[in-house]
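*Asks:* Provided below: run-v4.txt, containing compact mmCIF, C-alpha atoms.
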```
# COMPACT_ATOMS: atom_id res chain seq x y z
CA MET A 13 12.56 -11.82 -94.72
CA ASN A 14 9.95 -11.24 -97.40
CA ALA A 15 9.91 -8.45 -99.95
CA PHE A 16 7.25 -6.42 -98.15
CA THR A 17 9.07 -6.16 -94.83
CA ALA A 18 12.31 -5.47 -96.71
CA VAL A 19 10.72 -2.48 -98.46
CA LEU A 20 9.08 -1.25 -95.26
CA GLU A 21 12.45 -1.10 -93.57
CA GLY A 22 13.18 1.91 -95.74
CA LEU A 23 9.87 3.60 -94.95
CA PRO A 24 11.07 5.63 -91.91
CA LEU A 25 13.93 7.13 -93.93
CA THR A 26 11.70 7.88 -96.91
CA VAL A 27 9.18 9.67 -94.70
CA GLY A 28 11.91 11.34 -92.63
CA LEU A 29 13.77 12.61 -95.70
CA THR A 30 10.58 13.92 -97.24
CA LEU A 31 9.42 15.72 -94.12
CA ALA A 32 12.86 17.18 -93.34
CA ALA A 33 13.26 18.52 -96.87
CA PHE A 34 9.68 19.79 -96.82
CA ALA A 35 10.33 21.65 -93.55
CA ILE A 36 13.40 23.32 -95.07
CA GLY A 37 11.46 24.14 -98.21
CA ILE A 38 8.34 25.54 -96.65
CA SER A 39 10.27 27.94 -94.39
CA GLY A 40 13.20 28.74 -96.68
CA ALA A 41 10.83 29.59 -99.53
CA VAL A 42 9.30 32.52 -97.58
CA PRO A 43 12.20 34.99 -97.93
CA LEU A 44 12.86 33.79 -101.47
CA ALA A 45 9.23 34.33 -102.50
CA LEU A 46 9.41 37.86 -101.04
CA GLY A 47 12.56 38.41 -103.09
CA LEU A 48 10.81 37.13 -106.22
CA SER A 49 7.96 39.61 -105.67
CA SER A 50 10.26 42.46 -104.61
CA PRO A 51 10.06 45.78 -106.47
CA VAL A 52 13.85 46.06 -106.15
CA VAL A 53 14.87 44.83 -109.59
CA PRO A 54 18.40 43.48 -108.88
CA LEU A 55 17.11 41.54 -105.86
CA GLN A 56 14.21 40.17 -107.86
CA LEU A 57 16.50 39.11 -110.73
CA ALA A 58 18.96 37.46 -108.36
CA CYS A 59 16.16 35.46 -106.73
CA ARG A 60 14.73 34.58 -110.13
CA LEU A 61 18.12 33.35 -111.33
CA PHE A 62 18.55 31.25 -108.19
CA VAL A 63 15.11 29.66 -108.53
CA ASP A 64 15.51 28.91 -112.24
CA LEU A 65 19.02 27.56 -111.79
CA VAL A 66 18.06 25.25 -108.93
CA ARG A 67 15.04 23.99 -110.88
CA GLY A 68 17.02 23.70 -114.12
CA VAL A 69 19.41 21.10 -112.69
CA PRO A 70 18.12 17.57 -111.99
CA ILE A 71 17.95 16.56 -108.33
CA ILE A 72 20.41 13.71 -108.81
CA VAL A 73 23.07 16.24 -109.86
CA TRP A 74 22.50 18.30 -106.70
CA LEU A 75 22.76 15.18 -104.56
CA PHE A 76 26.02 14.07 -106.20
CA LEU A 77 27.45 17.57 -105.97
CA LEU A 78 26.76 17.69 -102.24
CA LYS A 79 27.75 14.11 -101.53
CA PHE A 80 30.94 13.91 -103.59
CA GLY A 81 31.81 17.47 -104.55
CA ILE A 82 31.69 19.29 -101.23
CA GLN A 83 34.65 19.03 -98.93
CA ILE A 84 35.36 21.90 -96.57
CA GLY A 85 38.36 21.07 -94.41
CA THR A 86 37.55 17.67 -92.97
CA PHE A 87 33.82 18.17 -93.39
CA LYS A 88 32.01 15.97 -95.87
CA PHE A 89 28.31 15.30 -96.17
CA ASN A 90 27.10 11.89 -95.14
CA PRO A 91 24.49 10.45 -97.53
CA VAL A 92 21.46 11.38 -95.40
CA GLY A 93 22.77 14.89 -94.81
CA ALA A 94 23.42 15.43 -98.51
CA ALA A 95 19.95 14.12 -99.37
CA ILE A 96 18.20 16.36 -96.84
CA VAL A 97 20.11 19.48 -97.87
CA GLY A 98 19.80 18.70 -101.59
CA LEU A 99 16.09 17.93 -101.54
CA GLY A 100 15.60 20.86 -99.14
CA VAL A 101 17.22 23.40 -101.45
CA VAL A 102 15.26 22.12 -104.44
CA SER A 103 12.04 22.40 -102.38
CA VAL A 104 12.93 25.95 -101.41
CA ALA A 105 13.11 26.90 -105.10
CA TYR A 106 9.90 25.12 -106.15
CA LEU A 107 7.88 26.31 -103.15
CA ALA A 108 9.13 29.90 -103.55
CA GLU A 109 7.73 29.85 -107.07
CA ILE A 110 4.43 28.50 -105.75
CA TYR A 111 4.28 31.17 -103.01
CA ARG A 112 5.06 33.90 -105.53
CA GLY A 113 2.18 32.74 -107.70
CA GLY A 114 -0.11 32.87 -104.68
CA LEU A 115 0.96 36.37 -103.66
CA GLN A 116 0.39 37.53 -107.21
CA ALA A 117 -3.05 35.93 -107.37
CA VAL A 118 -4.46 37.97 -104.51
CA PRO A 119 -6.70 40.55 -106.22
CA ARG A 120 -5.33 44.10 -106.29
CA GLY A 121 -8.62 45.38 -104.91
CA GLN A 122 -7.76 43.76 -101.60
CA LEU A 123 -4.63 45.89 -101.34
CA GLU A 124 -6.48 49.01 -102.36
CA ALA A 125 -9.24 48.32 -99.84
CA ALA A 126 -6.69 47.76 -97.06
CA HIS A 127 -5.00 50.99 -98.06
CA ALA A 128 -8.31 52.87 -98.09
CA LEU A 129 -9.05 51.55 -94.60
CA GLY A 130 -5.72 53.00 -93.48
CA LEU A 131 -4.12 49.66 -92.58
CA PRO A 132 -0.35 49.90 -92.13
CA ARG A 133 1.69 48.03 -94.75
CA GLY A 134 2.74 45.32 -92.31
CA SER A 135 -0.83 44.46 -91.37
CA THR A 136 -1.93 44.65 -94.98
CA PHE A 137 0.66 42.07 -95.91
CA PHE A 138 0.31 39.70 -92.97
CA ARG A 139 -3.44 39.96 -92.30
CA VAL A 140 -4.85 40.58 -95.77
CA VAL A 141 -2.49 39.25 -98.43
CA VAL A 142 -0.82 36.28 -96.74
CA PRO A 143 -3.97 34.51 -95.49
CA GLN A 144 -5.57 34.73 -98.93
CA ALA A 145 -2.38 33.73 -100.72
CA PHE A 146 -1.97 30.76 -98.42
CA ARG A 147 -5.48 29.60 -99.22
CA ILE A 148 -4.74 29.88 -102.92
CA VAL A 149 -1.46 27.94 -102.79
CA SER A 150 -2.33 25.27 -100.23
CA PRO A 151 -3.46 22.71 -102.87
CA SER A 152 -0.25 23.27 -104.85
CA ILE A 153 1.82 22.83 -101.70
CA ALA A 154 0.14 19.49 -101.03
CA THR A 155 0.75 18.46 -104.64
CA TYR A 156 4.39 19.45 -104.28
CA LEU A 157 4.68 17.33 -101.15
CA VAL A 158 3.59 14.27 -103.16
CA GLY A 159 6.24 15.08 -105.77
CA LEU A 160 8.85 15.46 -103.06
CA LEU A 161 7.93 12.08 -101.60
CA LYS A 162 8.61 10.51 -104.98
CA ASP A 163 11.79 12.53 -105.52
CA SER A 164 13.16 11.31 -102.18
CA SER A 165 13.66 7.98 -103.99
CA ILE A 166 16.58 9.59 -105.84
CA ALA A 167 18.48 9.57 -102.53
CA SER A 168 18.95 5.83 -103.09
CA THR A 169 21.54 6.71 -105.74
CA ILE A 170 23.79 8.21 -103.04
CA ILE A 171 23.31 5.15 -100.81
CA VAL A 172 20.62 6.43 -98.48
CA ALA A 173 18.90 3.28 -97.23
CA GLU A 174 15.36 4.43 -98.00
CA MET A 175 12.65 2.31 -99.65
CA VAL A 176 14.07 2.08 -103.17
CA PHE A 177 17.52 1.26 -101.81
CA GLN A 178 16.01 -1.51 -99.69
CA SER A 179 14.09 -2.81 -102.72
CA GLN A 180 17.29 -3.01 -104.70
CA SER A 181 19.24 -4.86 -102.07
CA PHE A 182 16.37 -7.33 -101.67
CA ALA A 183 16.17 -7.82 -105.44
CA ARG A 184 19.91 -8.39 -105.61
CA GLN A 185 19.70 -11.11 -102.98
CA HIS A 186 16.82 -12.81 -104.79
CA PRO A 187 17.76 -13.40 -108.41
CA THR A 188 14.62 -15.49 -108.95
CA VAL A 189 11.17 -14.34 -109.99
CA GLU A 190 10.68 -13.15 -106.41
CA GLY A 191 13.20 -10.41 -107.16
CA ILE A 192 10.62 -8.38 -109.07
CA LEU A 193 8.33 -8.14 -106.05
CA PRO A 194 10.11 -5.32 -104.17
CA TYR A 195 9.86 -3.02 -107.19
CA VAL A 196 6.14 -3.65 -107.51
CA ILE A 197 5.61 -3.30 -103.78
CA VAL A 198 7.63 -0.12 -103.44
CA GLY A 199 5.64 1.44 -106.29
CA VAL A 200 2.40 0.54 -104.56
CA VAL A 201 3.67 1.93 -101.23
CA TYR A 202 4.52 5.28 -102.87
CA ILE A 203 1.07 5.45 -104.43
CA ALA A 204 -0.55 4.48 -101.11
CA LEU A 205 1.45 7.17 -99.29
CA SER A 206 0.51 9.85 -101.82
CA LEU A 207 -3.21 9.06 -101.75
CA PRO A 208 -3.97 10.82 -98.45
CA VAL A 209 -1.96 13.88 -99.49
CA ALA A 210 -3.57 13.93 -102.93
CA TYR A 211 -6.96 13.69 -101.23
CA LEU A 212 -6.01 16.54 -98.90
CA SER A 213 -4.94 18.58 -101.93
CA ARG A 214 -8.29 18.02 -103.64
CA TRP A 215 -10.13 18.91 -100.44
CA LEU A 216 -8.10 22.10 -100.00
CA ASP A 217 -8.72 22.97 -103.63
CA ALA A 218 -12.47 22.54 -103.28
CA ARG A 219 -12.49 24.55 -100.07
CA MET A 220 -10.35 27.28 -101.57
CA ARG A 221 -12.65 27.68 -104.55
CA LYS A 222 -15.72 27.82 -102.37
CA VAL A 223 -14.42 30.51 -100.03
CA VAL A 224 -12.71 32.76 -102.52
CA HIS A 225 -15.22 32.87 -105.31
CA VAL A 226 -18.58 32.92 -103.52
CA MET B 9 41.01 29.44 -115.03
CA SER B 10 42.05 25.89 -114.24
CA TRP B 11 38.35 25.03 -114.02
CA LEU B 12 37.75 26.27 -117.53
CA THR B 13 40.67 24.34 -118.99
CA ALA B 14 39.56 21.21 -117.13
CA TRP B 15 36.03 21.70 -118.45
CA ALA B 16 37.32 22.18 -121.97
CA GLY B 17 39.05 18.80 -121.65
CA TYR B 18 35.87 17.10 -120.38
CA LEU B 19 33.60 18.72 -122.91
CA PRO B 20 33.83 16.22 -125.81
CA GLN B 21 32.87 13.28 -123.56
CA MET B 22 30.18 15.33 -121.84
CA MET B 23 28.69 16.33 -125.18
CA SER B 24 28.30 12.71 -126.24
CA GLY B 25 26.65 12.03 -122.87
CA LEU B 26 24.35 14.99 -123.42
CA GLY B 27 23.54 13.58 -126.85
CA VAL B 28 22.37 10.32 -125.28
CA SER B 29 20.29 12.26 -122.72
CA LEU B 30 18.66 14.35 -125.43
CA MET B 31 17.98 11.25 -127.51
CA ILE B 32 16.23 9.47 -124.62
CA ALA B 33 14.25 12.61 -123.83
CA ALA B 34 13.22 12.97 -127.48
CA VAL B 35 12.10 9.35 -127.73
CA SER B 36 10.11 9.55 -124.50
CA ILE B 37 8.36 12.73 -125.62
CA VAL B 38 7.68 11.70 -129.21
CA ALA B 39 6.17 8.41 -128.05
CA GLY B 40 4.79 9.75 -124.78
CA TYR B 41 2.54 12.52 -126.14
CA PRO B 42 0.48 10.32 -128.51
CA LEU B 43 0.26 7.60 -125.87
CA GLY B 44 -0.82 10.28 -123.41
CA LEU B 45 -3.60 11.27 -125.78
CA VAL B 46 -4.67 7.63 -126.05
CA LEU B 47 -4.60 7.27 -122.26
CA SER B 48 -6.65 10.42 -121.79
CA LEU B 49 -9.26 9.04 -124.17
CA MET B 50 -9.22 5.67 -122.39
CA VAL B 51 -9.77 7.35 -119.02
CA ARG B 52 -12.90 9.04 -120.45
CA ALA B 53 -14.08 5.94 -122.32
CA LYS B 54 -17.52 4.40 -121.72
CA ASN B 55 -16.06 0.90 -121.85
CA LEU B 56 -15.28 -0.12 -118.26
CA ALA B 57 -12.30 -2.31 -119.13
CA ALA B 58 -10.64 0.43 -121.20
CA ARG B 59 -11.33 3.00 -118.49
CA THR B 60 -9.90 0.83 -115.71
CA LEU B 61 -6.79 -0.04 -117.69
CA GLY B 62 -6.29 3.61 -118.64
CA LEU B 63 -6.70 4.77 -115.06
CA ALA B 64 -4.30 2.12 -113.76
CA LEU B 65 -1.62 3.03 -116.33
CA VAL B 66 -1.99 6.74 -115.56
CA GLU B 67 -2.03 6.38 -111.78
CA VAL B 68 0.99 4.07 -111.68
CA GLY B 69 2.88 6.14 -114.26
CA ARG B 70 2.38 9.30 -112.21
CA GLY B 71 2.21 7.82 -108.72
CA ALA B 72 5.32 5.67 -108.68
CA PRO B 73 8.68 7.47 -108.81
CA ALA B 74 10.30 7.40 -112.25
CA LEU B 75 13.31 5.69 -110.70
CA VAL B 76 11.12 2.81 -109.51
CA ILE B 77 9.62 2.33 -112.98
CA LEU B 78 13.12 2.42 -114.41
CA TYR B 79 14.35 -0.25 -112.03
CA LEU B 80 11.21 -2.31 -112.63
CA PHE B 81 11.96 -2.42 -116.34
CA TYR B 82 15.70 -2.94 -116.04
CA TYR B 83 16.13 -5.09 -112.94
CA GLY B 84 12.64 -6.47 -112.38
CA LEU B 85 11.37 -7.73 -115.72
CA PRO B 86 14.51 -9.76 -116.59
CA LYS B 87 13.57 -12.04 -113.70
CA PHE B 88 10.62 -13.07 -115.87
CA GLY B 89 12.93 -13.53 -118.80
CA ILE B 90 12.05 -10.16 -120.35
CA ALA B 91 15.36 -8.36 -120.64
CA PHE B 92 16.05 -4.98 -122.22
CA GLU B 93 19.22 -3.12 -122.93
CA SER B 94 19.67 -0.36 -120.40
CA ILE B 95 18.93 2.39 -122.90
CA THR B 96 15.73 0.66 -124.07
CA ALA B 97 14.61 0.21 -120.48
CA ALA B 98 15.24 3.91 -119.84
CA CYS B 99 13.22 4.90 -122.91
CA LEU B 100 10.31 2.59 -122.03
CA ALA B 101 10.17 3.81 -118.43
CA LEU B 102 10.26 7.47 -119.41
CA ILE B 103 7.70 6.92 -122.19
CA TRP B 104 5.31 5.53 -119.59
CA ASN B 105 6.08 8.46 -117.31
CA ALA B 106 5.63 11.01 -120.08
CA ALA B 107 2.40 9.39 -121.30
CA ALA B 108 0.90 9.35 -117.80
CA TYR B 109 1.70 13.00 -117.12
CA SER B 110 0.70 14.26 -120.55
CA SER B 111 -2.57 12.32 -120.43
CA GLU B 112 -3.61 14.32 -117.36
CA ILE B 113 -2.61 17.59 -119.02
CA ILE B 114 -4.45 16.72 -122.24
CA ARG B 115 -7.51 15.63 -120.24
CA ALA B 116 -7.51 18.95 -118.36
CA GLY B 117 -7.06 20.79 -121.67
CA ILE B 118 -10.00 19.00 -123.26
CA GLN B 119 -12.10 19.63 -120.17
CA SER B 120 -11.30 23.33 -120.32
CA VAL B 121 -13.06 23.71 -123.68
CA PRO B 122 -16.24 25.66 -122.90
CA ARG B 123 -19.49 23.69 -123.06
CA GLY B 124 -20.92 26.28 -125.40
CA GLN B 125 -18.53 25.05 -128.09
CA LEU B 126 -20.05 21.58 -127.88
CA GLU B 127 -23.57 22.94 -127.84
CA ALA B 128 -22.83 25.14 -130.84
CA SER B 129 -21.38 22.29 -132.88
CA ASN B 130 -24.33 20.16 -131.84
CA ALA B 131 -26.72 22.87 -132.98
CA LEU B 132 -24.85 23.08 -136.29
CA GLY B 133 -25.45 19.35 -136.74
CA LEU B 134 -21.80 18.28 -136.56
CA SER B 135 -21.26 14.59 -135.94
CA GLN B 136 -19.75 13.54 -132.61
CA ARG B 137 -16.57 12.60 -134.40
CA ASP B 138 -16.23 15.94 -136.14
CA THR B 139 -17.08 17.73 -132.92
CA PHE B 140 -14.28 15.96 -131.13
CA PHE B 141 -11.59 16.15 -133.80
CA ARG B 142 -12.36 19.58 -135.22
CA ILE B 143 -13.78 21.51 -132.24
CA THR B 144 -12.75 19.98 -128.92
CA MET B 145 -9.30 18.61 -129.72
CA PRO B 146 -7.77 21.67 -131.41
CA GLN B 147 -8.89 23.98 -128.61
CA GLY B 148 -8.07 21.52 -125.85
CA MET B 149 -4.61 20.78 -127.20
CA ARG B 150 -3.92 24.49 -127.51
CA SER B 151 -4.46 25.08 -123.83
CA ALA B 152 -2.44 21.96 -123.05
CA ILE B 153 0.67 23.28 -124.82
CA PRO B 154 2.43 24.92 -121.84
CA GLY B 155 1.77 21.87 -119.67
CA LEU B 156 3.08 19.54 -122.35
CA MET B 157 6.21 21.66 -122.69
CA GLY B 158 6.64 21.30 -118.95
CA VAL B 159 6.48 17.52 -119.35
CA ALA B 160 9.22 17.72 -121.99
CA ILE B 161 11.51 19.59 -119.58
CA GLN B 162 10.66 17.14 -116.83
CA MET B 163 11.56 14.24 -119.13
CA PHE B 164 14.87 15.80 -120.12
CA GLN B 165 15.75 16.16 -116.45
CA GLY B 166 14.37 12.67 -115.80
CA THR B 167 16.90 11.16 -118.19
CA SER B 168 19.48 11.79 -115.44
CA LEU B 169 17.84 8.95 -113.50
CA ALA B 170 19.02 6.54 -116.19
CA TYR B 171 22.34 6.92 -114.39
CA GLY B 172 20.89 4.35 -111.99
CA ILE B 173 20.83 1.69 -114.72
CA ALA B 174 24.22 2.57 -116.22
CA VAL B 175 22.99 4.25 -119.40
CA PRO B 176 25.95 6.30 -120.72
CA GLU B 177 24.01 9.57 -120.53
CA LEU B 178 25.24 12.88 -119.18
CA MET B 179 25.15 12.03 -115.47
CA LYS B 180 26.84 8.65 -115.90
CA THR B 181 29.49 10.23 -118.10
CA ALA B 182 30.13 12.86 -115.45
CA TYR B 183 30.39 10.22 -112.75
CA ASN B 184 32.85 8.16 -114.80
CA ILE B 185 35.05 11.18 -115.44
CA GLY B 186 34.82 12.13 -111.77
CA SER B 187 35.87 8.71 -110.53
CA GLN B 188 39.01 8.86 -112.67
CA ASP B 189 40.56 11.94 -111.10
CA PHE B 190 38.17 12.68 -108.20
CA ASN B 191 37.40 16.20 -109.39
CA TYR B 192 33.78 15.62 -108.46
CA LEU B 193 33.02 19.27 -107.73
CA GLN B 194 34.25 20.39 -111.15
CA ILE B 195 32.62 17.66 -113.16
CA PHE B 196 29.21 17.71 -111.45
CA THR B 197 29.14 21.50 -111.67
CA LEU B 198 29.74 21.13 -115.41
CA ALA B 199 27.03 18.46 -115.60
CA GLY B 200 24.61 20.75 -113.77
CA LEU B 201 25.42 23.58 -116.16
CA CYS B 202 24.82 21.31 -119.17
CA TYR B 203 21.36 20.48 -117.85
CA ALA B 204 20.63 24.09 -116.88
CA VAL B 205 21.70 25.49 -120.25
CA ILE B 206 18.86 23.51 -121.83
CA SER B 207 16.25 23.46 -119.05
CA MET B 208 16.37 27.14 -118.14
CA PRO B 209 15.65 28.64 -121.58
CA ALA B 210 13.06 25.91 -122.12
CA THR B 211 11.35 26.99 -118.90
CA TRP B 212 11.40 30.62 -119.96
CA ILE B 213 9.80 29.73 -123.30
CA THR B 214 7.15 27.73 -121.45
CA VAL B 215 6.41 30.67 -119.13
CA PHE B 216 6.14 32.93 -122.18
CA PHE B 217 3.56 30.59 -123.72
CA GLU B 218 1.69 30.34 -120.43
CA LYS B 219 1.42 34.12 -120.23
CA ARG B 220 0.30 34.40 -123.83
CA MET B 221 -2.39 31.77 -123.26
CA ALA B 222 -3.56 33.51 -120.12
CA ARG B 223 -3.91 36.76 -122.05
CA HIS B 224 -6.11 35.16 -124.69
CA ALA B 225 -8.21 33.21 -122.22
```
If you took the structure in this file and wrote it as structure tokens, what would it be?

*Replies:*
Amino acid sequence: MNAFTAVLEGLPLTVGLTLAAFAIGISGAVPLALGLSSPVVPLQLACRLFVDLVRGVPIIVWLFLLKFGIQIGTFKFNPVGAAIVGLGVVSVAYLAEIYRGGLQAVPRGQLEAAHALGLPRGSTFFRVVVPQAFRIVSPSIATYLVGLLKDSSIASTIIVAEMVFQSQSFARQHPTVEGILPYVIVGVVYIALSLPVAYLSRWLDARMRKVVHV
Amino acid sequence: MSWLTAWAGYLPQMMSGLGVSLMIAAVSIVAGYPLGLVLSLMVRAKNLAARTLGLALVEVGRGAPALVILYLFYYGLPKFGIAFESITAACLALIWNAAAYSSEIIRAGIQSVPRGQLEASNALGLSQRDTFFRITMPQGMRSAIPGLMGVAIQMFQGTSLAYGIAVPELMKTAYNIGSQDFNYLQIFTLAGLCYAVISMPATWITVFFEKRMARHA
């Protein structure tokens, strides 16, 4: 087996982990972002504390906590489960912060106009604020997805057989010069995977600027 | 209470681990910022070779996961006969990471300086050199400050990845303690708190600076 196919064996898990955590993040961040923008001060502070705490602790610590620290009865996380939950929770916190920024960036005039037109609060939020906020944050969400893809490599430290894990086992079996190849290849694969998303992010950004400011 | 007494027992070891983490973070920032400035200048250079090299270093430094760069230095390069101690490898990898990220932030900062500033200094007959070092750079660096502080926090958290190459930093220390008496929940919670106690206030300070900058913009 050569280094390239060895690395690619981890590709499905890398992509799967990233997408699973992203799915948790993108949906879980909605209530949290609402909490962060809530006028109810204790709720807002609690959400703020949660977001800052989750972001203040490195991902590897979350993964080890879940993998080794959690034992409820006979239940223990398997490596993939711990990685998905850990990366998912971290995504929830980061994406909530991104959403909050987007909600805040919608001009006040939009709210006032919706109010003047007599729109109920629900419609104002879902049909006026959210669509504009989404447009504002979509490039940041794409950028975050690229970051998450790279962070999924940390799952290798809790023995999830994703790309970096595969690179390491290949390198261990090939103590010669060939052993450096998987590390180079895996780096290139990450960059290649992030290119389309980075491109999408730039496209979204350009589109967002055009629509909002003209 | 038993948690607190256990933590009190772990604390001396954890503090020396935290010291190693902070040291690696400090080295990667102190070397990473100036290198980031150099990279940002290389990316804008007229010389094609310099520009290509700069772009390649930035794109790989930001595009590849920090863990991969770490492993490349520690496990990969020795196969060519270039071997580092684990802590040196960790510093080198994070320096590259820090330089790549800060170069983008510095570049954006420099780009954010209004064109009028350049035109004005041109009209005043300032040399290109003076324009760059006395007009563009000071203003560009100013708006890059919050971003650069963000890189510092990211680097501090990134030192935890050095666990993967057995550097005796905070995470590795926690793991070693944990594997002695299997109190993983206690010890990793303490490790998380050690990171949070530094990262959280640092983030708040960064947000404060961001807001202040936004007000003056």

*Asks:* Go through chain B and flag each residue having an atom no more than 8 Å from chain A; for those, report the closest pair of atoms plus their distance in Å to one decimal, using only C-alpha atoms, ordered by chain and rising number, as CSV.

*Replies:*
```
residue,atom,partner,partner_atom,distance
B:Val68,CA,A:Ile203,CA,7.4
B:Gly71,CA,A:Ile203,CA,5.0
B:Ala72,CA,A:Gly199,CA,4.9
B:Pro73,CA,A:Lys162,CA,4.9
B:Leu75,CA,A:Ile166,CA,7.0
B:Val76,CA,A:Tyr195,CA,6.4
B:Ile77,CA,A:Gly199,CA,7.8
B:Tyr79,CA,A:Tyr195,CA,7.2
B:Leu80,CA,A:Tyr195,CA,5.6
B:Tyr83,CA,A:Ile192,CA,7.5
B:Gly84,CA,A:Ile192,CA,4.3
B:Leu85,CA,A:Ile192,CA,6.7
B:Lys87,CA,A:Val189,CA,5.0
B:Phe88,CA,A:Val189,CA,6.0
B:Gln165,CA,A:Pro70,CA,5.2
B:Gly166,CA,A:Pro70,CA,7.3
B:Ser168,CA,A:Pro70,CA,6.9
B:Leu169,CA,A:Ile72,CA,7.2
B:Gly172,CA,A:Thr169,CA,6.7
B:Met179,CA,A:Val73,CA,7.3
B:Asn191,CA,A:Gly81,CA,7.5
B:Tyr192,CA,A:Gly81,CA,4.8
B:Leu193,CA,A:Gly81,CA,3.8
B:Gln194,CA,A:Gly81,CA,7.6
B:Phe196,CA,A:Leu77,CA,5.8
B:Thr197,CA,A:Leu77,CA,7.1
B:Ala199,CA,A:Val73,CA,7.3
B:Gly200,CA,A:Val69,CA,5.3
B:Leu201,CA,A:Val69,CA,7.4
B:Tyr203,CA,A:Val69,CA,5.6
B:Ala204,CA,A:Gly68,CA,4.6
B:Val205,CA,A:Gly68,CA,7.9
B:Ile206,CA,A:Gly68,CA,7.9
B:Ser207,CA,A:Gly68,CA,5.0
B:Met208,CA,A:Gly68,CA,5.3
```

*Asks:* Could you jot down the CA of Thr60 (chain B) to CA of Leu156 (chain B) separation for me, Å, one decimal place?

*Replies:*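 Answer for the CA of Thr60 (chain B) to CA of Leu156 (chain B) separation: 23.7 Å.
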
*Asks:* Using all atoms listed in the file, can you tell me which of A:Leu123, A:Ala95, A:Ala105, A:Val142 comes closest to Thr30 (chain A)?

*Replies:* A:Ala95

*Asks:* To one decimal place in Å, what is the distance between CA of Leu31 (chain A) and CA of Ala18 (chain A)?

*Replies:*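 CA of Leu31 (chain A) sits 21.5 Å away from CA of Ala18 (chain A).
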
*Asks:* Enumerate, as an MDAnalysis selection string, the protein, DNA and RNA residues whose atoms approach (8.2, 13.9, -125.5) to within 8 Å, taking into account all atoms listed in the file and the coordinate frame of the file.

*Replies:* chainID B and resid 33:41 103 106 159:160 163

*Asks:* Find the smallest box with edges along x, y and z containing every listed atom of region 149-155 of chain B, then add 6 Å on each side and report centre and edge lengths in Å to one decimal, as JSON.

*Replies:*
```
{"center_x": -1.1, "center_y": 22.9, "center_z": -123.6, "size_x": 19.0, "size_y": 16.3, "size_z": 19.8}
```

*Asks:* How would region 53-66 of chain A look with N, CA and C atoms restored, written as a PDB file, in the frame of the given file?

*Replies:*
```
ATOM      1  N   VAL A  53      14.610  45.673-108.420  1.00  0.00           N
ATOM      2  CA  VAL A  53      14.870  44.830-109.590  1.00  0.00           C
ATOM      3  C   VAL A  53      16.091  43.898-109.431  1.00  0.00           C
ATOM      4  N   PRO A  54      17.261  44.400-108.979  1.00  0.00           N
ATOM      5  CA  PRO A  54      18.400  43.480-108.880  1.00  0.00           C
ATOM      6  C   PRO A  54      18.117  42.306-107.944  1.00  0.00           C
ATOM      7  N   LEU A  55      17.451  42.595-106.812  1.00  0.00           N
ATOM      8  CA  LEU A  55      17.110  41.540-105.860  1.00  0.00           C
ATOM      9  C   LEU A  55      16.186  40.523-106.518  1.00  0.00           C
ATOM     10  N   GLN A  56      15.181  41.049-107.220  1.00  0.00           N
ATOM     11  CA  GLN A  56      14.210  40.170-107.860  1.00  0.00           C
ATOM     12  C   GLN A  56      14.900  39.281-108.904  1.00  0.00           C
ATOM     13  N   LEU A  57      15.802  39.882-109.689  1.00  0.00           N
ATOM     14  CA  LEU A  57      16.500  39.110-110.730  1.00  0.00           C
ATOM     15  C   LEU A  57      17.403  38.051-110.116  1.00  0.00           C
ATOM     16  N   ALA A  58      18.081  38.420-109.011  1.00  0.00           N
ATOM     17  CA  ALA A  58      18.960  37.460-108.360  1.00  0.00           C
ATOM     18  C   ALA A  58      18.157  36.261-107.860  1.00  0.00           C
ATOM     19  N   CYS A  59      17.006  36.540-107.238  1.00  0.00           N
ATOM     20  CA  CYS A  59      16.160  35.460-106.730  1.00  0.00           C
ATOM     21  C   CYS A  59      15.621  34.615-107.887  1.00  0.00           C
ATOM     22  N   ARG A  60      15.251  35.286-108.958  1.00  0.00           N
ATOM     23  CA  ARG A  60      14.730  34.580-110.130  1.00  0.00           C
ATOM     24  C   ARG A  60      15.782  33.633-110.707  1.00  0.00           C
ATOM     25  N   LEU A  61      17.024  34.150-110.799  1.00  0.00           N
ATOM     26  CA  LEU A  61      18.120  33.350-111.330  1.00  0.00           C
ATOM     27  C   LEU A  61      18.355  32.123-110.447  1.00  0.00           C
ATOM     28  N   PHE A  62      18.338  32.359-109.127  1.00  0.00           N
ATOM     29  CA  PHE A  62      18.550  31.250-108.190  1.00  0.00           C
ATOM     30  C   PHE A  62      17.471  30.179-108.379  1.00  0.00           C
ATOM     31  N   VAL A  63      16.220  30.609-108.409  1.00  0.00           N
ATOM     32  CA  VAL A  63      15.110  29.660-108.530  1.00  0.00           C
ATOM     33  C   VAL A  63      15.218  28.879-109.845  1.00  0.00           C
ATOM     34  N   ASP A  64      15.459  29.587-110.941  1.00  0.00           N
ATOM     35  CA  ASP A  64      15.510  28.910-112.240  1.00  0.00           C
ATOM     36  C   ASP A  64      16.704  27.978-112.344  1.00  0.00           C
ATOM     37  N   LEU A  65      17.828  28.402-111.738  1.00  0.00           N
ATOM     38  CA  LEU A  65      19.020  27.560-111.790  1.00  0.00           C
ATOM     39  C   LEU A  65      18.804  26.274-110.986  1.00  0.00           C
ATOM     40  N   VAL A  66      18.281  26.429-109.772  1.00  0.00           N
ATOM     41  CA  VAL A  66      18.060  25.250-108.930  1.00  0.00           C
ATOM     42  C   VAL A  66      17.085  24.293-109.621  1.00  0.00           C
TER      43      VAL A  66
END
```
